[in-house]
Number of protein chains: 2
Amino acid sequence: MSILKKISAKLEVMAPADRQIGQFIVENPDQMLRLSSAALAAETGRSQSSVVKFSQKLGYAGYQELKLAVSEAKAQEWQAPAGMIHGTIEVDDGYLTILQKLLGSKLQAMQQTIAVNNEVDIGRALKALHEARRIHLAGVGASSLVARDFSYKLMKLGRIVLHDSDSHVQMANASTLGPDDLLFALSYSGASIETLRIAELASQRDATVIAVTGLQDNPLTRVADIRLYTVGDEDRVRSSAITARDAQLMLTDLLFILLVQRQPDAHDYVHNSEAAVSALKAKRLS
Amino acid sequence: MSILKKISAKLEVMAPADRQIGQFIVENPDQMLRLSSAALAAETGRSQSSVVKFSQKLGYAGYQELKLAVSEAKAQEWQAPAGMIHGTIEVDDGYLTILQKLLGSKLQAMQQTIAVNNEVDIGRALKALHEARRIHLAGVGASSLVARDFSYKLMKLGRIVLHDSDSHVQMANASTLGPDDLLFALSYSGASIETLRIAELASQRDATVIAVTGLQDNPLTRVADIRLYTVGDEDRVRSSAITARDAQLMLTDLLFILLVQRQPDAHDYVHNSEAAVSALKAKRLS
DNA sequence: TGTTGTTTGGAATTTTTTATTCCAACTGTT
DNA sequence: AACAGTTGGAATAAAAAATTCCAAACAACA
């Protein structure tokens with residue numbers, strides 16, 4: 001436990017002088033780090049020796065050591081935001097609590113998504129993406145945005161990629177798929193009827209189908225050749241599918257990075273792509 | 001830049017004594033934190049005064065301040081855990097290393113984005129989003145996807161929102177903005193000419209302008225009434241702007257959640273919206 | 001090769017900060 | 001009231017940090 005929390009917890013059972021000093025430190029740890037023991041004493045209206053004794057009662061050799069501990073605790077606090085409060089965001093949560101919960105939920109979604117996909121399946125997906133003649137991305141709603149993001153990245157690698165936000169167009173495109181082609185279907189529920197139909201069509205036409213869905217049993221996985229999973233918040237109404245999207249992005253980003261790795265000339269492609277966009281900006285600005 | 005890196009960089013152009021002291025600090029920052037100036041002098045075979053002077057040459061008031069800076073730097077470093085693991089992904093990294101680096105980069109981008117935006121500015125943005133008659137979202141390329149994601153969410157809250165991925169359409173729409181309207185402009189570089197022009201137009205027409213850009217000085221912030229910042233990886237070619245996008249999403253997600261909080265009937269809106277989509281699915285499936 | 005100005009870095013000193021000691025005041029107990 | 005045990009500040013000792021001062025090393029130049 002962080003020293004700041006430890007102090008907070010003990011605050012009530014402390015003697016008046018210690019409580020006052022402790023309270024100041026808990027409330028203004030940043031300031032405390034810049035104060036000498038005498039200055040801190042003045043700030044709290046106590047004596048310098050009391051400050052030193054306070055430090056020693058907490059188990060440190062002296063004030064300096066306490067400072068070091070506080071500094072470390074402040075760092076730590078950021079790192080694993082306060083117990084990484086996951087849990088639903090409530091109406092009366094303060095700003096900081098919301099921040100922590102949001103970050104915690106996102107992190108958890110990403111970590112769990114990593115955890116549920118084993119390296120073997122990722123590898124198979126990678127191989128399929130790498131060898132496909134043409135890659136078609138399917139997804140509606142929020143999943144469509146992830147699909148588009150992924151398509152931009154794949155294009156940067158020089159791959160032939162297709163995605164349209166209109167599911168009818170997606171369907172029309174899917175009808176042109178062949179055995180050497182790949183359908184990458186994204187749906188958190190795995191039950192979006194448009195995406196499902198497109199996947200079925202692609203499967204009939206012998207294209208390889210990769211499905212990225214949530215863990216629950218769903219029709220889309222049954223059509224797929226390769227199954228990848230995303231883990232998001234259950235309470236999708238409240239979180240408004242934020243974590244589901246983050247999980248999907250985590251997975252597609254991971255696939256992209258791994259693809260870059262196994263494609264020797266990837267860096268050139270990406271670089272050229274960025275350069276082209278930059279050139280566009282420069283030209284227009286002049 | 002972290003003080004440790006700053007020292008490393010200057011190491012060659014330093015005088016012998018300073019170099020020796022600097023080197024020790026860079027190599028053993030942990031140990032240095034527990035050493036007094038005299039002890040550090042002994043450790044490096046130099047004089048105590050040289051240690052103090054070294055600190056001052058770096059711009060600190062004295063050794064104590066340098067210590068504090070080093071402690072902070074170490075904290076920062078540790079935030080992207082131990083070599084974490086942030087750092088560029090290399091060609092010969094293993095699967096696990098890549099996972100860690102990717103997750104680390106994402107986490108860091110989100111944390112830093114939280115850190116650079118103070119609650120006051122967020123509050124102002126929130127108020128503007130809350131009171132605006134109409135909200136227009138501007139952004140091209142990857143930022144357009146974030147804008148669209150945000151627009152979907154705002155729509156769920158019953159707000160009047162406009163976004164089109166075509167920048168010409170965005171411009172046309174912006175020309176209809178008035179004093180009660182809001183332009184929310186996203187651009188990581190802050191220099192995308194299309195987004196900039198749209199923001200200028202909106203500003204001329206007296207609409208409130210919120211700019212979400214990277215930290216570097218850029219033209220877009222100069223047009224904006226409210227400035228929010230995102231922190232992403234510097235090496236955008238390699239990471240392919242993954243973290244920049246994550247940072248933008250972190251910010252928009254946060255704004256969304258906070259909006260939900262201050263809008264009493266938000267939950268109903270969101271619920272109805274989700275229900276409508278579900279109904280659509282169910283009907284089609286039957 | 002001397003002269004001069006500058007930089008470097010340590011010894012000595014002063015100042016500040018930290019840690020310890022000691023004692024008075026208070027608290028609760030018998 | 002007497003006692004033991006806390007509590008907390010004043011005074012002091014010890015340690016650490018910062019400044020001053022000066023000598024050696026170095027560089028530029030006549």
# chains A, B, ... in the order shown; residues from 1 in each chain; ligands from 1
$ interface_residues --of "chain D" --to "chain B" --cutoff "10 Å" --atoms "only C-alpha atoms (C1' of nucleotides)" --output "list in words"
DA15, DA16, DA17, DA18 and DT19 of chain D
$ write_last_selection --atoms "all heavy atoms" --output "mmCIF file, in the first residue's frame"
data_model
loop_
_atom_site.group_PDB
_atom_site.id
_atom_site.type_symbol
_atom_site.label_atom_id
_atom_site.label_comp_id
_atom_site.auth_asym_id
_atom_site.auth_seq_id
_atom_site.Cartn_x
_atom_site.Cartn_y
_atom_site.Cartn_z
ATOM 1 P P DA D 15 27.162 12.930 12.622
ATOM 2 O OP1 DA D 15 27.040 11.454 12.609
ATOM 3 O OP2 DA D 15 28.485 13.588 12.749
ATOM 4 O "O5'" DA D 15 26.452 13.496 11.310
ATOM 5 C "C5'" DA D 15 25.039 13.372 11.205
ATOM 6 C "C4'" DA D 15 24.584 14.160 10.016
ATOM 7 O "O4'" DA D 15 24.585 15.576 10.317
ATOM 8 C "C3'" DA D 15 25.443 13.973 8.769
ATOM 9 O "O3'" DA D 15 24.562 13.513 7.770
ATOM 10 C "C2'" DA D 15 26.001 15.368 8.478
ATOM 11 C "C1'" DA D 15 24.964 16.265 9.139
ATOM 12 N N9 DA D 15 25.416 17.579 9.584
ATOM 13 C C8 DA D 15 26.486 17.881 10.386
ATOM 14 N N7 DA D 15 26.606 19.161 10.645
ATOM 15 C C5 DA D 15 25.540 19.735 9.968
ATOM 16 C C6 DA D 15 25.111 21.075 9.845
ATOM 17 N N6 DA D 15 25.724 22.107 10.425
ATOM 18 N N1 DA D 15 24.016 21.308 9.098
ATOM 19 C C2 DA D 15 23.396 20.266 8.519
ATOM 20 N N3 DA D 15 23.701 18.969 8.573
ATOM 21 C C4 DA D 15 24.798 18.776 9.312
ATOM 22 P P DA D 16 25.088 13.092 6.333
ATOM 23 O OP1 DA D 16 24.283 11.923 5.946
ATOM 24 O OP2 DA D 16 26.563 13.047 6.295
ATOM 25 O "O5'" DA D 16 24.615 14.340 5.489
ATOM 26 C "C5'" DA D 16 23.262 14.777 5.625
ATOM 27 C "C4'" DA D 16 23.085 16.066 4.876
ATOM 28 O "O4'" DA D 16 23.683 17.134 5.633
ATOM 29 C "C3'" DA D 16 23.755 16.072 3.500
ATOM 30 O "O3'" DA D 16 22.743 16.311 2.550
ATOM 31 C "C2'" DA D 16 24.794 17.195 3.585
ATOM 32 C "C1'" DA D 16 24.265 18.055 4.732
ATOM 33 N N9 DA D 16 25.275 18.758 5.496
ATOM 34 C C8 DA D 16 26.385 18.243 6.103
ATOM 35 N N7 DA D 16 27.098 19.130 6.757
ATOM 36 C C5 DA D 16 26.410 20.312 6.564
ATOM 37 C C6 DA D 16 26.643 21.631 7.003
ATOM 38 N N6 DA D 16 27.679 21.977 7.755
ATOM 39 N N1 DA D 16 25.754 22.569 6.640
ATOM 40 C C2 DA D 16 24.708 22.213 5.878
ATOM 41 N N3 DA D 16 24.379 21.018 5.418
ATOM 42 C C4 DA D 16 25.282 20.101 5.796
ATOM 43 P P DA D 17 23.059 16.642 1.043
ATOM 44 O OP1 DA D 17 21.887 16.236 0.255
ATOM 45 O OP2 DA D 17 24.394 16.136 0.718
ATOM 46 O "O5'" DA D 17 23.097 18.226 1.081
ATOM 47 C "C5'" DA D 17 21.936 18.921 1.517
ATOM 48 C "C4'" DA D 17 22.108 20.403 1.312
ATOM 49 O "O4'" DA D 17 23.158 20.890 2.170
ATOM 50 C "C3'" DA D 17 22.476 20.802 -0.105
ATOM 51 O "O3'" DA D 17 21.694 21.931 -0.418
ATOM 52 C "C2'" DA D 17 23.959 21.136 -0.016
ATOM 53 C "C1'" DA D 17 24.083 21.646 1.405
ATOM 54 N N9 DA D 17 25.362 21.419 2.070
ATOM 55 C C8 DA D 17 26.054 20.250 2.179
ATOM 56 N N7 DA D 17 27.157 20.348 2.889
ATOM 57 C C5 DA D 17 27.181 21.679 3.275
ATOM 58 C C6 DA D 17 28.092 22.424 4.047
ATOM 59 N N6 DA D 17 29.185 21.898 4.600
ATOM 60 N N1 DA D 17 27.812 23.731 4.232
ATOM 61 C C2 DA D 17 26.703 24.251 3.690
ATOM 62 N N3 DA D 17 25.771 23.643 2.945
ATOM 63 C C4 DA D 17 26.079 22.352 2.779
ATOM 64 P P DA D 18 21.769 22.554 -1.887
ATOM 65 O OP1 DA D 18 20.426 23.067 -2.226
ATOM 66 O OP2 DA D 18 22.449 21.615 -2.794
ATOM 67 O "O5'" DA D 18 22.711 23.804 -1.634
ATOM 68 C "C5'" DA D 18 22.202 24.888 -0.867
ATOM 69 C "C4'" DA D 18 23.260 25.955 -0.738
ATOM 70 O "O4'" DA D 18 24.381 25.428 -0.021
ATOM 71 C "C3'" DA D 18 23.794 26.492 -2.069
ATOM 72 O "O3'" DA D 18 23.616 27.898 -2.050
ATOM 73 C "C2'" DA D 18 25.255 26.069 -2.081
ATOM 74 C "C1'" DA D 18 25.578 25.909 -0.612
ATOM 75 N N9 DA D 18 26.600 24.916 -0.284
ATOM 76 C C8 DA D 18 26.663 23.617 -0.686
ATOM 77 N N7 DA D 18 27.692 22.944 -0.206
ATOM 78 C C5 DA D 18 28.343 23.881 0.580
ATOM 79 C C6 DA D 18 29.509 23.805 1.364
ATOM 80 N N6 DA D 18 30.240 22.695 1.503
ATOM 81 N N1 DA D 18 29.885 24.919 2.023
ATOM 82 C C2 DA D 18 29.147 26.032 1.896
ATOM 83 N N3 DA D 18 28.035 26.227 1.190
ATOM 84 C C4 DA D 18 27.684 25.096 0.544
ATOM 85 P P DT D 19 24.098 28.814 -3.243
ATOM 86 O OP1 DT D 19 23.125 29.901 -3.377
ATOM 87 O OP2 DT D 19 24.477 27.971 -4.411
ATOM 88 O "O5'" DT D 19 25.434 29.436 -2.644
ATOM 89 C "C5'" DT D 19 25.413 29.925 -1.305
ATOM 90 C "C4'" DT D 19 26.790 30.434 -0.916
ATOM 91 O "O4'" DT D 19 27.639 29.312 -0.599
ATOM 92 C "C3'" DT D 19 27.504 31.224 -2.011
ATOM 93 O "O3'" DT D 19 27.880 32.470 -1.445
ATOM 94 C "C2'" DT D 19 28.713 30.368 -2.383
ATOM 95 C "C1'" DT D 19 28.931 29.544 -1.115
ATOM 96 N N1 DT D 19 29.534 28.196 -1.315
ATOM 97 C C2 DT D 19 30.612 27.822 -0.548
ATOM 98 O O2 DT D 19 31.134 28.542 0.279
ATOM 99 N N3 DT D 19 31.075 26.551 -0.791
ATOM 100 C C4 DT D 19 30.568 25.649 -1.704
ATOM 101 O O4 DT D 19 31.062 24.537 -1.828
ATOM 102 C C5 DT D 19 29.429 26.104 -2.467
ATOM 103 C C7 DT D 19 28.810 25.207 -3.477
ATOM 104 C C6 DT D 19 28.980 27.342 -2.242
#
$ closest_atom_pairs --of "chain C" --to "region 6-10 of chain D" --cutoff "9 Å" --atoms "only C-alpha atoms (C1' of nucleotides)" --output "JSON lines"
{"residue": "C:DA25", "atom": "C1'", "partner": "D:DT7", "partner_atom": "C1'", "distance": 8.6}
{"residue": "C:DC26", "atom": "C1'", "partner": "D:DT7", "partner_atom": "C1'", "distance": 7.6}
{"residue": "C:DT27", "atom": "C1'", "partner": "D:DT6", "partner_atom": "C1'", "distance": 7.4}
$ interface_residues --of "chain C" --to "chain A" --cutoff "10 Å" --atoms "only C-alpha atoms (C1' of nucleotides)" --output "list in words"
DT16, DT17, DT18, DA19 and DT20 of chain C
$ closest_residue --among "A:Lys57, A:Arg205, A:Arg197, A:Arg227" --to "chain B" --atoms "only C-alpha atoms"
A:Arg197
$ atom_distance --atom1 "CA of Ile25 (chain A)" --atom2 "CA of Leu4 (chain A)"
7.8 Å
$ closest_residue --among "A:Phe24, A:Tyr152, A:Tyr60, A:Tyr229" --to "chain B" --atoms "only C-alpha atoms"
A:Tyr152
$ residues_around --residues "Thr44 (chain B)" --least-positions-apart "5" --cutoff "12 Å" --atoms "only C-alpha atoms (C1' of nucleotides)" --output "list of chain:residue names"
B:Pro16, B:Ala17, B:Asp18, B:Arg19, B:Gln20, B:Ile21, B:Gly22, B:Gln23, B:Phe24, B:Ile25, B:Glu27, B:Asn28, B:Met32, B:Leu35, B:Ser37, B:Ala38, B:Ala39, B:Ser50, B:Val51
$ write_last_selection --atoms "all heavy atoms" --output "tab-separated table (two decimals), in the first residue's frame"
chain	number	residue	atom	x	y	z
B	16	PRO	N	35.37	17.15	-17.22
B	16	PRO	CA	35.64	15.83	-16.61
B	16	PRO	C	34.88	15.57	-15.32
B	16	PRO	O	34.24	14.55	-15.16
B	16	PRO	CB	37.14	15.85	-16.37
B	16	PRO	CG	37.68	16.79	-17.40
B	16	PRO	CD	36.61	17.80	-17.67
B	17	ALA	N	34.97	16.50	-14.39
B	17	ALA	CA	34.33	16.29	-13.09
B	17	ALA	C	32.82	16.13	-13.27
B	17	ALA	O	32.22	15.19	-12.73
B	17	ALA	CB	34.62	17.46	-12.17
B	18	ASP	N	32.24	17.01	-14.03
B	18	ASP	CA	30.80	16.95	-14.25
B	18	ASP	C	30.42	15.66	-14.98
B	18	ASP	O	29.40	15.05	-14.67
B	18	ASP	CB	30.35	18.16	-15.06
B	18	ASP	CG	30.36	19.43	-14.23
B	18	ASP	OD1	30.40	19.30	-13.00
B	18	ASP	OD2	30.35	20.53	-14.81
B	19	ARG	N	31.25	15.29	-15.92
B	19	ARG	CA	30.94	14.07	-16.66
B	19	ARG	C	30.90	12.87	-15.73
B	19	ARG	O	30.02	12.04	-15.78
B	19	ARG	CB	31.98	13.85	-17.76
B	19	ARG	CG	31.75	12.56	-18.51
B	19	ARG	CD	32.34	12.57	-19.91
B	19	ARG	NE	33.73	12.96	-19.96
B	19	ARG	CZ	34.21	13.92	-20.73
B	19	ARG	NH1	33.41	14.61	-21.51
B	19	ARG	NH2	35.49	14.20	-20.73
B	20	GLN	N	31.89	12.83	-14.85
B	20	GLN	CA	31.97	11.70	-13.93
B	20	GLN	C	30.74	11.65	-13.02
B	20	GLN	O	30.13	10.60	-12.83
B	20	GLN	CB	33.22	11.87	-13.07
B	20	GLN	CG	33.87	10.55	-12.74
B	20	GLN	CD	35.30	10.75	-12.29
B	20	GLN	OE1	35.87	11.84	-12.46
B	20	GLN	NE2	35.88	9.73	-11.70
B	21	ILE	N	30.37	12.78	-12.52
B	21	ILE	CA	29.20	12.84	-11.64
B	21	ILE	C	27.94	12.49	-12.42
B	21	ILE	O	27.11	11.68	-11.98
B	21	ILE	CB	29.08	14.26	-11.01
B	21	ILE	CG1	30.27	14.51	-10.09
B	21	ILE	CG2	27.77	14.39	-10.26
B	21	ILE	CD1	30.41	15.96	-9.66
B	22	GLY	N	27.82	13.09	-13.59
B	22	GLY	CA	26.64	12.84	-14.41
B	22	GLY	C	26.51	11.37	-14.77
B	22	GLY	O	25.42	10.79	-14.69
B	23	GLN	N	27.61	10.79	-15.12
B	23	GLN	CA	27.60	9.39	-15.51
B	23	GLN	C	27.09	8.50	-14.37
B	23	GLN	O	26.26	7.63	-14.57
B	23	GLN	CB	29.01	8.96	-15.91
B	23	GLN	CG	29.04	7.62	-16.61
B	23	GLN	CD	30.30	7.48	-17.45
B	23	GLN	OE1	31.17	8.36	-17.43
B	23	GLN	NE2	30.40	6.39	-18.18
B	24	PHE	N	27.60	8.79	-13.20
B	24	PHE	CA	27.17	8.00	-12.05
B	24	PHE	C	25.66	8.11	-11.84
B	24	PHE	O	24.98	7.12	-11.61
B	24	PHE	CB	27.91	8.45	-10.78
B	24	PHE	CG	27.57	7.62	-9.58
B	24	PHE	CD1	28.32	6.48	-9.28
B	24	PHE	CD2	26.49	7.94	-8.76
B	24	PHE	CE1	28.01	5.70	-8.18
B	24	PHE	CE2	26.17	7.15	-7.67
B	24	PHE	CZ	26.93	6.03	-7.37
B	25	ILE	N	25.17	9.31	-11.96
B	25	ILE	CA	23.74	9.53	-11.75
B	25	ILE	C	22.92	8.78	-12.79
B	25	ILE	O	21.93	8.13	-12.48
B	25	ILE	CB	23.41	11.03	-11.78
B	25	ILE	CG1	24.07	11.74	-10.60
B	25	ILE	CG2	21.90	11.25	-11.74
B	25	ILE	CD1	23.88	13.23	-10.59
B	27	GLU	N	23.78	6.21	-14.46
B	27	GLU	CA	23.88	4.75	-14.32
B	27	GLU	C	23.26	4.22	-13.05
B	27	GLU	O	22.78	3.09	-13.01
B	27	GLU	CB	25.36	4.34	-14.40
B	27	GLU	CG	25.90	4.42	-15.83
B	27	GLU	CD	27.41	4.29	-15.88
B	27	GLU	OE1	28.02	3.99	-14.82
B	27	GLU	OE2	27.99	4.49	-16.97
B	28	ASN	N	23.29	5.01	-11.99
B	28	ASN	CA	22.71	4.54	-10.72
B	28	ASN	C	21.76	5.56	-10.12
B	28	ASN	O	22.00	6.04	-9.01
B	28	ASN	CB	23.80	4.26	-9.69
B	28	ASN	CG	25.05	3.64	-10.29
B	28	ASN	OD1	25.45	3.95	-11.40
B	28	ASN	ND2	25.67	2.78	-9.54
B	32	MET	N	21.77	7.11	-6.26
B	32	MET	CA	21.97	8.55	-6.11
B	32	MET	C	20.91	9.17	-5.21
B	32	MET	O	21.21	10.06	-4.42
B	32	MET	CB	21.93	9.20	-7.50
B	32	MET	CG	21.99	10.72	-7.49
B	32	MET	SD	20.35	11.49	-7.46
B	32	MET	CE	20.78	13.19	-7.81
B	35	LEU	N	21.87	9.03	-1.67
B	35	LEU	CA	23.17	9.57	-1.31
B	35	LEU	C	23.10	11.08	-1.03
B	35	LEU	O	22.36	11.80	-1.69
B	35	LEU	CB	24.14	9.33	-2.46
B	35	LEU	CG	25.15	8.18	-2.34
B	35	LEU	CD1	24.52	6.96	-1.72
B	35	LEU	CD2	25.73	7.84	-3.71
B	37	SER	N	25.08	14.78	-0.96
B	37	SER	CA	26.00	15.34	-1.95
B	37	SER	C	27.44	14.91	-1.66
B	37	SER	O	28.20	14.60	-2.57
B	37	SER	CB	25.89	16.86	-1.96
B	37	SER	OG	26.24	17.40	-0.71
B	38	ALA	N	27.80	14.89	-0.39
B	38	ALA	CA	29.16	14.49	-0.02
B	38	ALA	C	29.40	13.02	-0.34
B	38	ALA	O	30.45	12.64	-0.86
B	38	ALA	CB	29.38	14.75	1.46
B	39	ALA	N	28.40	12.20	-0.06
B	39	ALA	CA	28.54	10.76	-0.33
B	39	ALA	C	28.68	10.51	-1.82
B	39	ALA	O	29.49	9.68	-2.25
B	39	ALA	CB	27.33	10.02	0.23
B	50	SER	N	31.62	20.21	-6.08
B	50	SER	CA	31.43	19.93	-7.50
B	50	SER	C	30.05	19.34	-7.76
B	50	SER	O	29.42	19.63	-8.78
B	50	SER	CB	32.50	18.97	-8.01
B	50	SER	OG	33.75	19.60	-8.01
B	51	VAL	N	29.60	18.53	-6.83
B	51	VAL	CA	28.28	17.94	-6.99
B	51	VAL	C	27.22	19.02	-6.97
B	51	VAL	O	26.32	19.04	-7.81
B	51	VAL	CB	28.01	16.91	-5.87
B	51	VAL	CG1	26.57	16.44	-5.91
B	51	VAL	CG2	28.96	15.74	-5.98
$ closest_residue --among "A:Ile135, A:Leu102, A:Val209, A:Ser175" --to "Leu258 (chain B)" --atoms "only C-alpha atoms"
A:Leu102
$ atom_distance --atom1 "CA of His163 (chain B)" --atom2 "CA of Leu145 (chain A)"
13.6 Å
$ residues_around --residues "region 165-172 of chain A" --least-positions-apart "4" --cutoff "7 Å" --atoms "only C-alpha atoms (C1' of nucleotides)" --output "ChimeraX atom specification"
/A:138,140,144,194,198
